[in-house]
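Asker: Let me begin by handing over the structure; questions about it come next.
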Protein chains: 2
Amino acid sequence: MIVLDYRDKRPLNEQVAEKLMNLIAQGGLAPGERLPSVRNLALDLSVNPNTVQRAYSSLEEKGYITTITGRGNYVSEESRWKDSLLGEVLSELRETAERVKAAGVGMEDALKCVKEVYERV
Amino acid sequence: MIVLDYRDKRPLNEQVAEKLMNLIAQGGLAPGERLPSVRNLALDLSVNPNTVQRAYSSLEEKGYITTITGRGNYVSEESRWKDSLLGEVLSELRETAERVKAAGVGMEDALKCVKEVYERV
DNA sequence: CAAGTGTATTAAATGTCTTAATACACTAAT
DNA sequence: ATTAGTGTATTAAGACATTTAATACACTTG
């Protein structure tokens, strides 16, 4: 389900959170679906439960999942996170585009680059 | 010349390097121009000389500046860094585009976003 | 020679991340 | 009620990166 990259310098809890978020955003985890328990996912990933819990906490804070004590963590309805995700991701794209532009890349090349990503399988 | 952001979680030496790199890429520091000495910039930024030196080292490694022991650090000719900067920046754009796509943003919207950045003054 | 330069080293302080070992409250099934 | 499984919280310890500090050395220029 998830594979951690130990060469990546980012904290494990962030990696876990991001990968789950991507899964949710792409529909790999449907709204209402239950996530693995903190302890189970920690076992799967060979990671400390605290690390998984931090990942889950940040996901709940951002609205991707809903936590029910004693039951588990469930994927939220799309309406809970869709808008903020779009906003976040588009502002990231703007920032990157600014940097690309500042580096002297022409608009045509930048657009072509984005297009290629979309047209790839 | 440079202002550090202590709310930013990234290391100071990376911030210094990035801000100088942006200045160079945008022509704020012309090729051949001399950079402040390690000690002087450290004083200006209220930062340890070691921190500035690390920033300068990474800039030299990437070809943005040329270091001459006993004399100082000088901005390299554009040809030294232009290509690698383009590559780096385009791969960053690809990564961001992947993320934008994964979040469910349509290609048209993504392209429009990039276009708007370029058409802005 | 003197001043200013880049460079290197060692030590200490700090902060974050991660693991580990518990403990507690809640929920569901029996 | 008991039990198993859940989320949550706490404390301690270690590993690691970042930064500061205090030096020292080699080089270049005037």
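Labels used: A, B, ... for chains in the order of the structure tokens, numbers from 1 for residues in each chain, and numbers from 1 for ligands as shown.
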Based on DSSP run over this structure's backbone, return all residues of chain B in strand (DSSP E or B), as an mmCIF file with C-alpha atoms, in the first residue's frame.
Answerer:
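File written: part13.cif
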```cif
data_model
loop_
_atom_site.group_PDB
_atom_site.id
_atom_site.type_symbol
_atom_site.label_atom_id
_atom_site.label_comp_id
_atom_site.auth_asym_id
_atom_site.auth_seq_id
_atom_site.Cartn_x
_atom_site.Cartn_y
_atom_site.Cartn_z
ATOM 1 C CA ARG B 34 32.298 40.145 -6.461
ATOM 2 C CA ILE B 65 30.084 31.415 -8.428
ATOM 3 C CA THR B 66 33.821 30.943 -8.688
ATOM 4 C CA THR B 67 35.910 30.987 -5.559
ATOM 5 C CA ILE B 68 39.466 32.252 -5.473
ATOM 6 C CA GLY B 72 36.889 36.280 -2.859
ATOM 7 C CA ASN B 73 33.858 34.856 -4.623
ATOM 8 C CA TYR B 74 32.783 36.012 -8.064
ATOM 9 C CA VAL B 75 29.638 35.430 -10.076
#
```
Asker: Counting only C-alpha atoms (C1' of nucleotides), which residues of chain B fall within 6 Å of chain C, and what is the closest atom pair for each with its distance in Å at one decimal, ordered by chain and rising number, as a tab-separated table?
Answerer:
```
residue	atom	partner	partner_atom	distance
B:Thr69	CA	C:DG6	C1'	4.6
B:Gly70	CA	C:DT5	C1'	3.8
B:Arg71	CA	C:DT5	C1'	5.1
```
Asker: If you run DSSP on this backbone, which residues of chain A come out as helix (DSSP H, G or I), and could you give them as a PyMOL selection string?
Answerer: chain A and resi 12-25+38-45+49-61+78-102+107-119
Asker: Could you please select, counting only C-alpha atoms, the residues of chain A within 12 Å of chain B and state them as JSON, numbers by chain?
Answerer: {"A": [10, 18, 19, 21, 22, 23, 24, 25, 26, 27, 28, 78, 81, 82, 83, 84, 85, 86, 87, 88, 89, 90, 91, 92, 93, 94, 95, 96, 97, 98, 99, 100, 101, 102, 103, 104, 105, 106, 107, 108, 109, 110, 111, 112, 113, 114, 115, 116, 117, 118, 119, 120, 121]}
Asker: Just to be explicit: take each residue in the selection above, keep N, CA and C atoms, and write the result as a short mmCIF file (atom, residue, chain, number, x, y, z; two decimals), in the first residue's frame.
Answerer:
```
data_model
loop_
_atom_site.label_atom_id
_atom_site.label_comp_id
_atom_site.auth_asym_id
_atom_site.auth_seq_id
_atom_site.Cartn_x
_atom_site.Cartn_y
_atom_site.Cartn_z
N ARG A 10 13.11 13.79 4.12
CA ARG A 10 11.95 14.29 4.86
C ARG A 10 11.54 13.31 5.97
N GLU A 18 1.74 12.26 3.29
CA GLU A 18 1.64 12.66 1.89
C GLU A 18 1.17 11.53 1.00
N LYS A 19 1.72 10.35 1.24
CA LYS A 19 1.34 9.22 0.39
C LYS A 19 -0.13 8.86 0.59
N MET A 21 -2.40 10.95 1.52
CA MET A 21 -3.15 12.05 0.93
C MET A 21 -3.27 11.88 -0.57
N ASN A 22 -2.20 11.47 -1.20
CA ASN A 22 -2.24 11.24 -2.64
C ASN A 22 -3.22 10.12 -2.98
N LEU A 23 -3.16 9.06 -2.20
CA LEU A 23 -4.08 7.94 -2.42
C LEU A 23 -5.54 8.42 -2.35
N ILE A 24 -5.80 9.22 -1.31
CA ILE A 24 -7.16 9.73 -1.13
C ILE A 24 -7.56 10.63 -2.29
N ALA A 25 -6.66 11.54 -2.65
CA ALA A 25 -6.97 12.49 -3.72
C ALA A 25 -7.23 11.79 -5.04
N GLN A 26 -6.56 10.67 -5.25
CA GLN A 26 -6.72 9.96 -6.53
C GLN A 26 -7.79 8.89 -6.47
N GLY A 27 -8.46 8.76 -5.34
CA GLY A 27 -9.55 7.79 -5.27
C GLY A 27 -9.11 6.39 -4.89
N GLY A 28 -7.83 6.22 -4.62
CA GLY A 28 -7.35 4.90 -4.20
C GLY A 28 -7.93 4.52 -2.85
N GLU A 78 -15.30 14.04 -0.06
CA GLU A 78 -14.44 14.88 -0.90
C GLU A 78 -14.62 16.37 -0.58
N TRP A 81 -12.12 18.23 1.78
CA TRP A 81 -10.73 18.59 1.49
C TRP A 81 -10.50 19.07 0.07
N LYS A 82 -11.44 18.79 -0.83
CA LYS A 82 -11.21 19.09 -2.24
C LYS A 82 -10.79 20.55 -2.48
N ASP A 83 -11.57 21.49 -1.96
CA ASP A 83 -11.29 22.90 -2.21
C ASP A 83 -9.93 23.33 -1.69
N SER A 84 -9.63 22.94 -0.45
CA SER A 84 -8.35 23.39 0.11
C SER A 84 -7.19 22.75 -0.61
N LEU A 85 -7.41 21.52 -1.07
CA LEU A 85 -6.34 20.86 -1.82
C LEU A 85 -6.08 21.59 -3.13
N LEU A 86 -7.16 21.92 -3.84
CA LEU A 86 -7.01 22.65 -5.10
C LEU A 86 -6.27 23.97 -4.86
N GLY A 87 -6.69 24.69 -3.85
CA GLY A 87 -6.05 25.98 -3.56
C GLY A 87 -4.58 25.80 -3.27
N GLU A 88 -4.28 24.84 -2.44
CA GLU A 88 -2.90 24.61 -2.04
C GLU A 88 -2.02 24.25 -3.23
N VAL A 89 -2.56 23.35 -4.03
CA VAL A 89 -1.80 22.81 -5.14
C VAL A 89 -1.62 23.85 -6.25
N LEU A 90 -2.63 24.67 -6.44
CA LEU A 90 -2.51 25.69 -7.49
C LEU A 90 -1.55 26.81 -7.06
N SER A 91 -1.54 27.11 -5.77
CA SER A 91 -0.61 28.16 -5.34
C SER A 91 0.82 27.63 -5.42
N GLU A 92 0.96 26.32 -5.22
CA GLU A 92 2.28 25.71 -5.38
C GLU A 92 2.72 25.80 -6.84
N LEU A 93 1.76 25.57 -7.72
CA LEU A 93 2.07 25.64 -9.16
C LEU A 93 2.47 27.07 -9.55
N ARG A 94 1.77 28.03 -9.00
CA ARG A 94 2.11 29.43 -9.30
C ARG A 94 3.54 29.73 -8.87
N GLU A 95 3.87 29.33 -7.63
CA GLU A 95 5.22 29.60 -7.12
C GLU A 95 6.28 28.97 -8.02
N THR A 96 6.04 27.73 -8.39
CA THR A 96 7.01 27.05 -9.24
C THR A 96 7.13 27.76 -10.59
N ALA A 97 5.99 28.17 -11.11
CA ALA A 97 6.00 28.85 -12.41
C ALA A 97 6.79 30.15 -12.31
N GLU A 98 6.66 30.87 -11.21
CA GLU A 98 7.43 32.09 -11.01
C GLU A 98 8.92 31.80 -11.10
N ARG A 99 9.31 30.73 -10.43
CA ARG A 99 10.73 30.35 -10.38
C ARG A 99 11.23 29.94 -11.76
N VAL A 100 10.40 29.20 -12.46
CA VAL A 100 10.75 28.74 -13.80
C VAL A 100 10.91 29.94 -14.73
N LYS A 101 10.00 30.86 -14.58
CA LYS A 101 10.05 32.08 -15.40
C LYS A 101 11.31 32.89 -15.08
N ALA A 102 11.59 33.02 -13.78
CA ALA A 102 12.75 33.79 -13.35
C ALA A 102 14.06 33.17 -13.86
N ALA A 103 14.04 31.85 -14.04
CA ALA A 103 15.25 31.17 -14.50
C ALA A 103 15.46 31.34 -15.99
N GLY A 104 14.50 31.97 -16.65
CA GLY A 104 14.67 32.24 -18.07
C GLY A 104 14.04 31.23 -19.02
N VAL A 105 13.18 30.37 -18.50
CA VAL A 105 12.48 29.43 -19.36
C VAL A 105 11.32 30.16 -20.04
N GLY A 106 11.19 29.96 -21.33
CA GLY A 106 10.11 30.62 -22.07
C GLY A 106 8.76 30.01 -21.75
N MET A 107 7.69 30.76 -22.01
CA MET A 107 6.35 30.27 -21.68
C MET A 107 6.02 29.01 -22.47
N GLU A 108 6.42 28.99 -23.73
CA GLU A 108 6.11 27.82 -24.57
C GLU A 108 6.69 26.55 -23.94
N ASP A 109 7.95 26.63 -23.56
CA ASP A 109 8.61 25.46 -22.98
C ASP A 109 7.97 25.03 -21.67
N ALA A 110 7.58 26.00 -20.87
CA ALA A 110 6.95 25.69 -19.59
C ALA A 110 5.62 24.99 -19.83
N LEU A 111 4.83 25.53 -20.74
CA LEU A 111 3.52 24.92 -21.03
C LEU A 111 3.71 23.51 -21.58
N LYS A 112 4.67 23.37 -22.46
CA LYS A 112 4.93 22.05 -23.06
C LYS A 112 5.28 21.04 -21.98
N CYS A 113 6.07 21.46 -21.02
CA CYS A 113 6.49 20.57 -19.93
C CYS A 113 5.28 20.08 -19.14
N VAL A 114 4.39 20.98 -18.83
CA VAL A 114 3.19 20.61 -18.06
C VAL A 114 2.31 19.68 -18.90
N LYS A 115 2.18 20.03 -20.16
CA LYS A 115 1.34 19.23 -21.06
C LYS A 115 1.84 17.79 -21.12
N GLU A 116 3.15 17.64 -21.20
CA GLU A 116 3.73 16.30 -21.30
C GLU A 116 3.42 15.45 -20.08
N VAL A 117 3.43 16.09 -18.93
CA VAL A 117 3.10 15.37 -17.70
C VAL A 117 1.67 14.84 -17.77
N TYR A 118 0.79 15.69 -18.27
CA TYR A 118 -0.62 15.29 -18.33
C TYR A 118 -0.88 14.22 -19.37
N GLU A 119 -0.09 14.25 -20.43
CA GLU A 119 -0.35 13.31 -21.52
C GLU A 119 0.34 11.97 -21.32
N ARG A 120 1.10 11.87 -20.22
CA ARG A 120 1.78 10.60 -19.97
C ARG A 120 0.85 9.64 -19.25
N VAL A 121 1.03 8.37 -19.56
CA VAL A 121 0.25 7.35 -18.85
C VAL A 121 0.98 7.01 -17.57
#
```
Asker: Which residues of chain B are close to chain D, meaning at most 12 Å apart when you count only C-alpha atoms (C1' of nucleotides), and how do they look as a ChimeraX atom specification?
Answerer: /B:9-14,42,46-52,54,68-72
Asker: Give me, as a PyMOL selection string, all polymer residues having an atom no more than 9 Å from Arg80 (chain A), counting only C-alpha atoms (C1' of nucleotides) and skipping those fewer than 6 positions away in the same chain.
Answerer: chain A and resi 62-65
Asker: Figure out the distance between CA of Ser37 (chain A) and CA of Ala17 (chain A), please, to one decimal in Å.
Answerer: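 CA of Ser37 (chain A) lies 14.0 Å from CA of Ala17 (chain A).
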Asker: Using Å and a single decimal, report how far CA of Leu59 (chain B) sits from CA of Asp5 (chain A).
Answerer: 27.1 Å
